[in-house]
file query24.cif (mmCIF, C-alpha atoms)
data_start
#
loop_
_atom_site.label_atom_id
_atom_site.label_comp_id
_atom_site.auth_asym_id
_atom_site.auth_seq_id
_atom_site.Cartn_x
_atom_site.Cartn_y
_atom_site.Cartn_z
CA MET R 1 103.86 115.62 117.37
CA SER R 2 100.62 114.78 119.17
CA SER R 3 100.83 114.70 122.97
CA ASP R 4 99.34 111.18 123.38
CA VAL R 5 101.76 109.12 121.32
CA VAL R 6 102.73 105.46 121.49
CA ILE R 7 105.74 104.10 119.58
CA ARG R 8 106.12 100.35 119.24
CA VAL R 9 107.76 97.75 117.00
CA VAL R 10 106.06 94.92 115.10
CA GLN R 11 107.80 92.09 113.29
CA SER R 12 105.37 91.79 110.39
CA ILE R 13 103.74 94.34 108.14
CA GLU R 14 100.72 92.03 108.19
CA ASP R 15 100.04 93.53 111.62
CA VAL R 16 99.48 96.93 109.99
CA PRO R 17 96.29 97.66 108.00
CA ALA R 18 97.25 98.28 104.38
CA ASP R 19 95.10 101.40 104.02
CA ALA R 20 96.63 103.01 107.13
CA TRP R 21 100.16 102.22 105.96
CA ASN R 22 99.59 103.42 102.39
CA ALA R 23 98.01 106.66 103.61
CA LEU R 24 101.44 107.53 105.00
CA ALA R 25 103.53 105.90 102.25
CA GLY R 26 101.97 107.88 99.40
CA ASP R 27 102.36 106.81 95.78
CA ASN R 28 105.96 105.55 95.92
CA PRO R 29 105.44 101.88 95.01
CA PHE R 30 108.49 100.56 96.85
CA VAL R 31 107.23 101.56 100.29
CA GLN R 32 103.63 100.58 99.71
CA HIS R 33 102.20 97.78 101.81
CA ALA R 34 101.85 95.26 98.96
CA PHE R 35 105.47 95.58 97.79
CA LEU R 36 106.96 95.19 101.27
CA HIS R 37 104.55 92.41 102.16
CA ALA R 38 105.62 90.50 99.04
CA MET R 39 109.26 90.78 100.15
CA HIS R 40 108.43 89.16 103.48
CA GLU R 41 105.74 86.64 102.56
CA THR R 42 107.88 85.09 99.81
CA GLY R 43 110.87 84.83 102.16
CA CYS R 44 113.16 87.17 100.22
CA ALA R 45 113.53 89.63 103.11
CA ALA R 46 113.19 87.50 106.21
CA LYS R 47 115.14 86.44 109.27
CA ARG R 48 116.66 83.46 107.44
CA THR R 49 118.13 85.78 104.76
CA GLY R 50 119.49 88.25 107.32
CA TRP R 51 116.58 90.71 107.06
CA GLN R 52 114.64 90.57 110.32
CA PRO R 53 111.65 92.95 110.02
CA ALA R 54 111.21 95.31 112.98
CA TYR R 55 108.73 97.93 111.77
CA LEU R 56 108.53 101.05 113.91
CA LEU R 57 104.96 102.32 114.31
CA MET R 58 103.81 105.55 115.91
CA HIS R 59 100.17 105.93 116.97
CA ALA R 60 98.39 109.01 118.28
CA ASP R 61 95.02 108.24 119.86
CA GLU R 62 95.21 104.81 118.22
CA VAL R 63 95.63 106.34 114.76
CA LEU R 64 98.77 105.43 112.81
CA VAL R 65 100.64 108.71 112.27
CA GLY R 66 104.14 107.44 111.53
CA ALA R 67 106.08 104.37 110.43
CA MET R 68 109.58 103.24 109.44
CA PRO R 69 110.41 100.05 107.51
CA LEU R 70 113.21 98.79 109.77
CA TYR R 71 115.28 95.61 109.62
CA VAL R 72 117.76 94.10 112.02
CA LYS R 73 120.56 93.14 109.64
CA SER R 74 123.28 90.54 110.15
CA HIS R 75 125.18 91.59 107.00
CA SER R 76 125.36 94.43 104.47
CA ARG R 77 124.27 92.61 101.32
CA GLY R 78 121.46 93.95 99.14
CA GLU R 79 121.81 97.55 100.31
CA TYR R 80 123.81 99.40 97.59
CA VAL R 81 125.28 101.84 100.12
CA PHE R 82 128.56 100.26 101.10
CA ASP R 83 129.70 100.20 104.72
CA HIS R 84 132.00 97.17 104.67
CA ALA R 85 134.98 99.36 105.61
CA TRP R 86 133.10 100.53 108.70
CA ALA R 87 132.40 96.92 109.69
CA ASP R 88 136.08 96.05 109.19
CA ALA R 89 137.14 98.98 111.39
CA PHE R 90 134.83 97.80 114.17
CA ALA R 91 136.24 94.26 113.90
CA ARG R 92 139.85 95.49 114.05
CA HIS R 93 139.04 97.18 117.35
CA GLY R 94 137.30 94.12 118.79
CA LEU R 95 133.78 95.53 118.44
CA GLU R 96 130.69 94.00 116.83
CA TYR R 97 129.22 95.92 113.89
CA TYR R 98 126.49 93.37 113.23
CA PRO R 99 123.65 93.23 113.93
CA LYS R 100 122.79 96.75 112.85
CA LEU R 101 119.48 98.50 112.22
CA LEU R 102 118.55 99.35 108.64
CA CYS R 103 115.74 101.53 107.28
CA ALA R 104 115.41 100.71 103.58
CA VAL R 105 113.47 98.87 100.92
CA PRO R 106 115.23 95.51 100.58
CA PHE R 107 117.31 95.09 97.43
CA SER R 108 115.96 98.35 95.97
CA PRO R 109 118.35 101.32 95.51
CA VAL R 110 115.48 103.71 94.83
CA THR R 111 115.03 107.06 96.54
CA GLY R 112 111.79 107.49 98.43
CA PRO R 113 110.23 108.33 101.80
CA ARG R 114 111.62 106.42 104.78
CA LEU R 115 110.13 108.39 107.68
CA LEU R 116 106.50 107.83 106.79
CA ALA R 117 104.62 110.70 108.44
CA ARG R 118 102.71 113.84 107.52
CA THR R 119 104.52 116.38 109.70
CA GLN R 120 108.14 117.29 110.32
CA ALA R 121 107.68 116.84 114.07
CA ASP R 122 106.44 113.28 113.55
CA ARG R 123 109.38 112.50 111.26
CA VAL R 124 111.81 113.71 113.93
CA ALA R 125 109.99 111.60 116.51
CA LEU R 126 110.32 108.52 114.29
CA ALA R 127 114.04 109.10 113.78
CA ARG R 128 114.54 109.44 117.53
CA GLY R 129 112.33 106.43 118.17
CA ALA R 130 114.61 104.34 115.97
CA ILE R 131 117.59 105.46 118.07
CA ALA R 132 115.80 104.44 121.27
CA PHE R 133 115.02 101.05 119.75
CA ALA R 134 118.64 100.56 118.63
CA ARG R 135 119.88 101.43 122.11
CA GLN R 136 117.40 99.00 123.65
CA LEU R 137 118.76 96.17 121.48
CA GLU R 138 122.36 97.40 121.93
CA LEU R 139 122.84 97.63 118.15
CA SER R 140 125.91 99.31 116.70
CA SER R 141 124.22 101.68 114.29
CA ILE R 142 121.24 102.79 112.20
CA HIS R 143 121.37 103.33 108.44
CA VAL R 144 118.57 105.06 106.51
CA LEU R 145 119.19 104.45 102.81
CA PHE R 146 118.11 106.35 99.68
CA THR R 147 115.97 108.68 101.71
CA HIS R 148 113.70 111.37 100.32
CA ASP R 149 114.66 115.04 100.65
CA ASP R 150 111.78 115.63 103.09
CA ASP R 151 113.42 113.23 105.55
CA LEU R 152 116.91 114.71 105.56
CA ALA R 153 116.20 117.70 107.82
CA ALA R 154 114.41 115.48 110.34
CA LEU R 155 117.23 112.95 110.39
CA THR R 156 119.82 115.68 110.83
CA GLU R 157 117.82 117.21 113.70
CA ALA R 158 117.65 113.78 115.34
CA GLY R 159 121.45 113.43 115.24
CA TYR R 160 122.08 111.37 112.12
CA MET R 161 125.01 112.00 109.77
CA LEU R 162 124.39 112.33 106.02
CA ARG R 163 126.20 110.48 103.26
CA GLU R 164 126.05 111.50 99.60
CA GLY R 165 126.02 109.15 96.63
CA VAL R 166 125.16 109.45 92.96
CA GLN R 167 122.82 107.80 90.50
CA PHE R 168 121.90 108.59 86.90
CA HIS R 169 118.41 109.82 86.06
CA TRP R 170 116.73 111.05 82.89
CA GLU R 171 114.39 114.03 82.97
CA ASN R 172 111.71 114.80 80.40
CA PRO R 173 111.18 118.53 79.79
CA GLY R 174 108.28 117.74 77.49
CA PHE R 175 109.69 115.87 74.48
CA ALA R 176 107.02 114.96 71.93
CA THR R 177 109.09 112.24 70.23
CA PHE R 178 112.29 110.27 70.73
CA ASP R 179 113.81 112.27 67.87
CA ASP R 180 113.17 115.45 69.88
CA PHE R 181 115.25 113.92 72.67
CA LEU R 182 118.02 112.93 70.25
CA ALA R 183 118.09 116.43 68.81
CA GLN R 184 119.16 117.79 72.21
CA MET R 185 122.20 115.52 72.43
CA ASN R 186 125.61 116.56 71.18
CA GLN R 187 126.66 115.18 67.82
CA GLU R 188 129.01 112.49 69.15
CA LYS R 189 126.50 110.96 71.59
CA ARG R 190 123.58 111.29 69.18
CA LYS R 191 125.55 109.46 66.46
CA LYS R 192 126.61 106.70 68.85
CA LEU R 193 123.09 106.14 70.17
CA LYS R 194 121.67 105.97 66.65
CA GLN R 195 124.36 103.50 65.60
CA ASP R 196 123.63 101.28 68.61
CA ARG R 197 119.90 101.29 67.88
CA ARG R 198 120.49 100.51 64.22
CA ARG R 199 122.82 97.63 65.11
CA VAL R 200 120.12 96.08 67.29
CA ARG R 201 117.48 96.46 64.58
CA GLU R 202 119.79 94.96 61.96
CA ALA R 203 120.26 91.94 64.25
CA GLY R 204 116.52 91.33 63.88
CA VAL R 205 115.56 92.44 67.38
CA THR R 206 112.12 94.01 67.87
CA TYR R 207 110.41 95.25 71.03
CA ARG R 208 107.09 95.06 72.82
CA TRP R 209 106.02 96.97 75.93
CA LEU R 210 103.86 94.92 78.29
CA ARG R 211 102.10 96.70 81.16
CA GLY R 212 99.98 95.30 83.95
CA GLU R 213 97.63 92.55 82.82
CA GLN R 214 99.43 92.32 79.46
CA ILE R 215 102.21 90.53 81.39
CA ASP R 216 101.19 86.87 81.57
CA ASP R 217 102.82 83.96 83.40
CA ALA R 218 104.89 82.99 80.36
CA ALA R 219 106.34 86.50 80.12
CA LEU R 220 107.12 86.53 83.86
CA ASP R 221 108.72 83.09 83.58
CA PHE R 222 110.97 84.30 80.76
CA PHE R 223 111.82 87.45 82.67
CA TYR R 224 112.85 85.42 85.70
CA GLN R 225 115.02 83.18 83.55
CA CYS R 226 116.82 86.29 82.31
CA TYR R 227 117.01 87.74 85.83
CA GLU R 228 118.66 84.55 87.10
CA ASN R 229 121.11 84.58 84.17
CA THR R 230 122.28 88.08 85.13
CA TYR R 231 123.20 86.89 88.62
CA ARG R 232 124.80 83.65 87.41
CA GLU R 233 127.07 85.61 85.10
CA HIS R 234 128.49 87.25 88.23
CA TRP R 235 128.60 83.97 90.20
CA ASN R 236 125.86 85.11 92.56
CA SER R 237 122.44 83.85 93.56
CA PRO R 238 119.46 86.13 92.89
CA TYR R 239 118.06 88.05 95.84
CA LEU R 240 114.45 87.82 94.68
CA SER R 241 112.33 84.78 93.84
CA ARG R 242 109.89 84.05 91.06
CA ALA R 243 107.18 83.98 93.73
CA PHE R 244 108.02 87.56 94.72
CA PHE R 245 107.56 88.90 91.21
CA GLY R 246 104.38 86.89 90.83
CA GLN R 247 102.92 88.34 94.02
CA VAL R 248 103.84 91.92 93.10
CA HIS R 249 102.23 91.42 89.69
CA ALA R 250 99.10 90.00 91.30
CA THR R 251 98.71 92.74 93.93
CA MET R 252 99.97 95.83 92.07
CA PRO R 253 100.00 94.90 88.35
CA ASP R 254 99.92 98.42 86.92
CA ALA R 255 103.23 99.17 88.62
CA LEU R 256 105.10 96.77 86.31
CA LEU R 257 106.31 97.46 82.78
CA LEU R 258 108.11 94.66 80.95
CA VAL R 259 110.24 95.70 77.97
CA MET R 260 110.45 92.53 75.88
CA ALA R 261 113.09 92.06 73.18
CA GLU R 262 112.26 89.43 70.56
CA ARG R 263 113.84 87.91 67.48
CA ASP R 264 111.90 85.84 64.94
CA GLY R 265 108.94 85.90 67.30
CA GLU R 266 110.88 84.41 70.21
CA PRO R 267 111.80 86.26 73.43
CA LEU R 268 115.48 87.17 73.66
CA ALA R 269 115.93 89.67 76.51
CA CYS R 270 113.87 91.85 78.79
CA ALA R 271 113.91 94.62 81.36
CA LEU R 272 111.37 94.90 84.16
CA ASN R 273 110.67 98.49 85.23
CA VAL R 274 108.40 99.92 87.92
CA VAL R 275 106.08 102.81 87.04
CA SER R 276 104.30 105.12 89.46
CA GLY R 277 102.72 108.47 88.73
CA ASP R 278 105.03 110.34 86.36
CA THR R 279 108.18 108.37 87.20
CA MET R 280 109.65 105.11 85.92
CA TYR R 281 112.30 103.16 87.81
CA GLY R 282 114.70 100.90 85.94
CA ARG R 283 115.11 97.77 88.04
CA TYR R 284 115.96 94.37 86.50
CA TRP R 285 117.46 93.13 83.25
CA GLY R 286 118.63 89.91 81.64
CA THR R 287 119.09 88.08 78.34
CA THR R 288 119.45 84.58 76.95
CA ASP R 289 121.84 85.63 74.17
CA PHE R 290 124.30 88.41 73.39
CA VAL R 291 123.55 91.05 70.76
CA SER R 292 125.81 94.08 70.55
CA GLY R 293 124.04 97.16 71.92
CA MET R 294 120.97 95.25 73.11
CA HIS R 295 121.60 95.88 76.82
CA PHE R 296 121.58 99.66 76.36
CA GLU R 297 118.62 99.55 73.99
CA THR R 298 116.52 97.35 76.27
CA CYS R 299 117.36 99.06 79.56
CA TYR R 300 117.68 102.72 78.59
CA ALA R 301 116.61 103.71 75.07
CA GLN R 302 113.36 101.75 75.25
CA GLY R 303 112.69 103.12 78.73
CA ILE R 304 113.20 106.70 77.58
CA GLU R 305 111.05 106.11 74.51
CA TYR R 306 108.26 104.73 76.71
CA CYS R 307 108.47 107.75 79.03
CA ILE R 308 108.17 110.15 76.11
CA ALA R 309 105.28 108.24 74.55
CA HIS R 310 103.36 108.18 77.85
CA GLY R 311 104.27 111.63 79.19
CA LEU R 312 106.34 110.43 82.15
CA ARG R 313 108.51 113.09 83.75
CA SER R 314 111.54 111.06 84.82
CA PHE R 315 113.34 107.75 84.46
CA GLU R 316 115.59 106.64 87.32
CA GLY R 317 118.20 104.31 85.90
CA GLY R 318 119.18 102.49 89.10
CA ALA R 319 122.45 102.12 90.98
CA GLN R 320 125.87 103.07 89.61
CA GLY R 321 126.83 103.23 85.93
CA VAL R 322 128.66 106.24 84.48
CA HIS R 323 128.04 104.62 81.08
CA LYS R 324 124.40 105.70 81.40
CA MET R 325 125.39 109.31 80.71
CA SER R 326 126.00 108.56 77.04
CA ARG R 327 122.32 107.48 76.88
CA GLY R 328 121.09 110.79 78.29
CA LEU R 329 120.88 110.00 82.00
CA LEU R 330 122.54 112.64 84.16
CA PRO R 331 124.24 112.46 87.58
CA THR R 332 121.81 112.98 90.46
CA PRO R 333 122.81 113.06 94.14
CA THR R 334 121.35 110.43 96.48
CA TRP R 335 121.45 110.49 100.27
CA SER R 336 121.59 108.14 103.21
CA ALA R 337 121.66 108.91 106.94
CA HIS R 338 123.64 107.15 109.64
CA TRP R 339 123.66 107.02 113.43
CA ILE R 340 126.54 105.32 115.26
CA ALA R 341 126.13 104.33 118.90
CA ASP R 342 129.84 104.40 119.82
CA GLU R 343 130.81 108.07 120.08
CA ARG R 344 134.44 107.39 119.13
CA PHE R 345 133.46 105.70 115.90
CA ALA R 346 130.74 108.28 115.28
CA GLN R 347 133.37 111.03 115.29
CA ALA R 348 135.70 109.05 113.00
CA ILE R 349 132.88 108.30 110.56
CA GLU R 350 131.72 111.92 110.61
CA ASP R 351 135.24 113.03 109.67
CA PHE R 352 135.28 110.44 106.89
CA LEU R 353 131.90 111.58 105.59
CA ASP R 354 133.02 115.21 105.48
CA ARG R 355 135.91 114.22 103.21
CA GLU R 356 133.84 111.80 101.18
CA THR R 357 131.10 114.39 100.57
CA SER R 358 133.63 116.90 99.28
CA ALA R 359 135.07 114.27 96.95
CA MET R 360 131.58 113.23 95.80
CA ASP R 361 130.60 116.83 95.06
CA GLU R 362 133.77 117.21 93.01
CA HIS R 363 133.06 113.94 91.19
CA ILE R 364 129.50 115.00 90.34
CA GLY R 365 130.82 118.35 89.11
CA GLU R 366 133.27 116.58 86.83
CA LEU R 367 130.50 114.36 85.48
CA GLU R 368 128.27 117.35 84.81
CA ALA R 369 131.09 118.94 82.81
CA HIS R 370 130.84 115.99 80.38
CA THR R 371 127.15 116.32 79.65
CA PRO R 372 125.92 114.38 76.61
CA PHE R 373 123.64 117.26 75.69
CA LYS R 374 124.32 120.34 73.60
CA ARG R 375 125.66 123.29 75.53
CA PRO R 376 123.68 126.54 75.36
CA ALA R 377 125.13 129.08 72.99
CA SER R 378 127.11 131.73 74.86
#

call {"tool": "encode", "arguments": {"input": "query24.cif", "output": "structure tokens"}}
result
Amino acid sequence: MSSDVVIRVVQSIEDVPADAWNALAGDNPFVQHAFLHAMHETGCAAKRTGWQPAYLLMHADEVLVGAMPLYVKSHSRGEYVFDHAWADAFARHGLEYYPKLLCAVPFSPVTGPRLLARTQADRVALARGAIAFARQLELSSIHVLFTHDDDLAALTEAGYMLREGVQFHWENPGFATFDDFLAQMNQEKRKKLKQDRRRVREAGVTYRWLRGEQIDDAALDFFYQCYENTYREHWNSPYLSRAFFGQVHATMPDALLLVMAERDGEPLACALNVVSGDTMYGRYWGTTDFVSGMHFETCYAQGIEYCIAHGLRSFEGGAQGVHKMSRGLLPTPTWSAHWIADERFAQAIEDFLDRETSAMDEHIGELEAHTPFKRPAS
């Protein structure tokens, strides 16, 4: 870390020049300036929704050399790494768990950089700077979610504890066609996937892929209708607004891919994915009608087919969902990092995490034993 360093906190990413921020963020779309700014400007991640921005900035000789997207959180909703049991334990002992400090992309369970810096020393300094800030505000804890591998060593060195999770991702070894992909699956899964696709076709459902400027306001309006329906089916309100999606499309259009399902020329369902470099991220889905197999076709098969057609290396299928394995997505570890101010609870949580990690490793091993792909000949 440079010797002349200033670490401070700002409450709006508008106070940070976009080019300086993006130079540290790299090509991961979820931590780029425009995506985070859209979250805040449209009110989706704001103080009134329990997401108070408190961005940690590190300058050396007035040059931005490090940053963390931090939020003071009054709840644990929209995080996808569950710590409700920890909050309950604090409450049972008469202690306040909220507010806490969170480093994450709001409502986005996508792995990426969280300690935005070029050197390991600067990443360690950021992690320690967050601890100093949490102590200053007398917050219970810090939680760094879905963090990139490059950050883990720095977080561990700074005194954070690691927590393992699992998602399901698809990797492309260089398939030329979707049939090449199918040929690598075992007979049972290949037959089931073909049957599902045929059932959707026989129901009269066809697909279009819309990317960037091909997505017009009408398509975004229909997508948002479907997105809202998904939440209503679970008796919840959507986290994100139509204005948010409109702003992301206006400021970073090429990042969006809309998989549109249609029947008789009318839209029926859709999935909105985010594309960056050689990776696609499955994010949002919804429908206005039920067709057997259409969810899997729209969210997974079409996504894989797009990746193959456009030479993308991987497709991250989002949070949870063992059912994704039958579509060719395989278990992939994810990581978060946690710092607890109270040493007694820190020790208890560390003991819990040791046991949980062992159980998670065993769970992932069991999942890997049920691969949907052909096993190599012995």

call {"tool": "resolve_selection", "arguments": {"input": "query24.cif", "expression": "the PyMOL selection byres ((chain R and resi 185) around 12)", "output": "ChimeraX atom specification"}}
result
/R:178-184,186-194,325-329,370-376

call {"tool": "resolve_selection", "arguments": {"input": "query24.cif", "expression": "the PyMOL selection byres ((chain R and resi 259-268) around 8)", "output": "PDB file with C-alpha atoms, keeping the file's coordinate frame"}}
result
ATOM      1  CA  GLY R 204     116.520  91.330  63.880  1.00  0.00           C
ATOM      2  CA  VAL R 205     115.560  92.440  67.380  1.00  0.00           C
ATOM      3  CA  THR R 206     112.120  94.010  67.870  1.00  0.00           C
ATOM      4  CA  TYR R 207     110.410  95.250  71.030  1.00  0.00           C
ATOM      5  CA  ARG R 208     107.090  95.060  72.820  1.00  0.00           C
ATOM      6  CA  TRP R 209     106.020  96.970  75.930  1.00  0.00           C
ATOM      7  CA  LEU R 210     103.860  94.920  78.290  1.00  0.00           C
ATOM      8  CA  PHE R 222     110.970  84.300  80.760  1.00  0.00           C
ATOM      9  CA  LEU R 257     106.310  97.460  82.780  1.00  0.00           C
ATOM     10  CA  LEU R 258     108.110  94.660  80.950  1.00  0.00           C
ATOM     11  CA  ALA R 269     115.930  89.670  76.510  1.00  0.00           C
ATOM     12  CA  CYS R 270     113.870  91.850  78.790  1.00  0.00           C
ATOM     13  CA  ALA R 271     113.910  94.620  81.360  1.00  0.00           C
ATOM     14  CA  LEU R 272     111.370  94.900  84.160  1.00  0.00           C
ATOM     15  CA  ASN R 273     110.670  98.490  85.230  1.00  0.00           C
ATOM     16  CA  THR R 287     119.090  88.080  78.340  1.00  0.00           C
ATOM     17  CA  THR R 288     119.450  84.580  76.950  1.00  0.00           C
ATOM     18  CA  ASP R 289     121.840  85.630  74.170  1.00  0.00           C
ATOM     19  CA  THR R 298     116.520  97.350  76.270  1.00  0.00           C
ATOM     20  CA  GLN R 302     113.360 101.750  75.250  1.00  0.00           C
ATOM     21  CA  GLY R 303     112.690 103.120  78.730  1.00  0.00           C
TER      22      GLY R 303
END

call {"tool": "resolve_selection", "arguments": {"input": "query24.cif", "expression": "the PyMOL selection byres ((chain R and resi 157-171) around 8)", "output": "PyMOL selection string"}}
result
chain R and resi 124+127-128+152-156+172-173+304+313-322+324-325+328-339+350+353+356-357+360+364

call {"tool": "residues_around", "arguments": {"input": "query24.cif", "residues": "stretch 17-32 of chain R", "least_positions_apart": "3", "cutoff": "10 Å", "atoms": "all atoms listed in the file", "output": "PyMOL selection string"}}
result
chain R and resi 13-14+35-37+57+63-69+104-106+108-118+252+255+274-277+279

call {"tool": "closest_residue", "arguments": {"input": "query24.cif", "among": "R:His234, R:Asp254, R:Tyr71, R:Asp354", "to": "R:Gly212", "atoms": "all atoms listed in the file"}}
result
R:Asp254

call {"tool": "closest_residue", "arguments": {"input": "query24.cif", "among": "R:Val5, R:Leu256, R:Met294, R:Cys103", "to": "R:Ala203", "atoms": "only C-alpha atoms"}}
result
R:Met294

call {"tool": "closest_residue", "arguments": {"input": "query24.cif", "among": "R:Met58, R:Ile131, R:Ala91, R:Ala45", "to": "R:Phe345", "atoms": "all atoms listed in the file"}}
result
R:Ala91

call {"tool": "atom_distance", "arguments": {"input": "query24.cif", "atom1": "atom CA of R:His84", "atom2": "atom CA of R:Gln347"}}
result
17.5 Å

call {"tool": "closest_residue", "arguments": {"input": "query24.cif", "among": "R:Leu101, R:Val16, R:Val72, R:Ala341", "to": "R:Lys47", "atoms": "only C-alpha atoms"}}
result
R:Val72

call {"tool": "atom_distance", "arguments": {"input": "query24.cif", "atom1": "atom CA of R:Tyr97", "atom2": "atom CA of R:Ser140"}}
result
5.5 Å

call {"tool": "residues_around", "arguments": {"input": "query24.cif", "residues": "R:Ala348", "least_positions_apart": "6", "cutoff": "12 Å", "atoms": "all atoms listed in the file", "output": "MDAnalysis selection string"}}
result
chainID R and resid 86 89:90 161 340 342 354:355

call {"tool": "atom_distance", "arguments": {"input": "query24.cif", "atom1": "atom CA of R:Phe352", "atom2": "atom CA of R:His143"}}
result
15.7 Å

call {"tool": "closest_residue", "arguments": {"input": "query24.cif", "among": "R:Ala60, R:Leu139, R:Ala125, R:Ala309", "to": "R:Leu95", "atoms": "only C-alpha atoms"}}
result
R:Leu139

call {"tool": "closest_residue", "arguments": {"input": "query24.cif", "among": "R:Asp221, R:Thr177, R:Glu297, R:Thr230", "to": "R:Ala243", "atoms": "only C-alpha atoms"}}
result
R:Asp221

call {"tool": "residues_around", "arguments": {"input": "query24.cif", "residues": "R:Glu79", "least_positions_apart": "2", "cutoff": "6 Å", "atoms": "all atoms listed in the file", "output": "PyMOL selection string"}}
result
chain R and resi 77+81+107

call {"tool": "build_atoms", "arguments": {"input": "query24.cif", "residues": "stretch 238-251 of chain R", "atoms": "N, CA, C and O atoms", "output": "CSV table (one decimal), in the frame of the given file"}}
result
chain,number,residue,atom,x,y,z
R,238,PRO,N,120.4,85.0,92.9
R,238,PRO,CA,119.5,86.1,92.9
R,238,PRO,C,118.9,86.4,94.3
R,238,PRO,O,118.6,85.5,95.0
R,239,TYR,N,118.7,87.7,94.6
R,239,TYR,CA,118.1,88.0,95.8
R,239,TYR,C,116.6,87.7,95.9
R,239,TYR,O,116.0,87.4,96.9
R,240,LEU,N,115.9,87.9,94.7
R,240,LEU,CA,114.4,87.8,94.7
R,240,LEU,C,114.0,86.6,94.0
R,240,LEU,O,114.6,86.1,93.1
R,241,SER,N,112.9,86.0,94.4
R,241,SER,CA,112.3,84.8,93.8
R,241,SER,C,111.3,85.0,92.8
R,241,SER,O,110.7,86.1,92.7
R,242,ARG,N,111.0,84.0,92.0
R,242,ARG,CA,109.9,84.0,91.1
R,242,ARG,C,108.6,84.3,91.8
R,242,ARG,O,107.7,85.1,91.3
R,243,ALA,N,108.4,83.8,93.0
R,243,ALA,CA,107.2,84.0,93.7
R,243,ALA,C,107.0,85.5,94.1
R,243,ALA,O,105.9,86.0,94.1
R,244,PHE,N,108.1,86.1,94.4
R,244,PHE,CA,108.0,87.6,94.7
R,244,PHE,C,107.5,88.3,93.5
R,244,PHE,O,106.5,89.1,93.7
R,245,PHE,N,108.0,88.2,92.4
R,245,PHE,CA,107.6,88.9,91.2
R,245,PHE,C,106.1,88.6,90.9
R,245,PHE,O,105.3,89.4,90.5
R,246,GLY,N,105.8,87.3,91.1
R,246,GLY,CA,104.4,86.9,90.8
R,246,GLY,C,103.4,87.6,91.8
R,246,GLY,O,102.3,88.0,91.4
R,247,GLN,N,103.8,87.7,93.0
R,247,GLN,CA,102.9,88.3,94.0
R,247,GLN,C,102.8,89.8,93.8
R,247,GLN,O,101.7,90.4,93.9
R,248,VAL,N,103.9,90.5,93.4
R,248,VAL,CA,103.8,91.9,93.1
R,248,VAL,C,102.9,92.1,91.9
R,248,VAL,O,102.1,93.1,91.9
R,249,HIS,N,103.1,91.3,90.9
R,249,HIS,CA,102.2,91.4,89.7
R,249,HIS,C,100.8,91.2,90.0
R,249,HIS,O,99.9,91.9,89.5
R,250,ALA,N,100.5,90.3,90.9
R,250,ALA,CA,99.1,90.0,91.3
R,250,ALA,C,98.5,91.1,92.1
R,250,ALA,O,97.3,91.4,92.0
R,251,THR,N,99.3,91.8,93.0
R,251,THR,CA,98.7,92.7,93.9
R,251,THR,C,98.8,94.2,93.5
R,251,THR,O,98.1,95.0,93.9
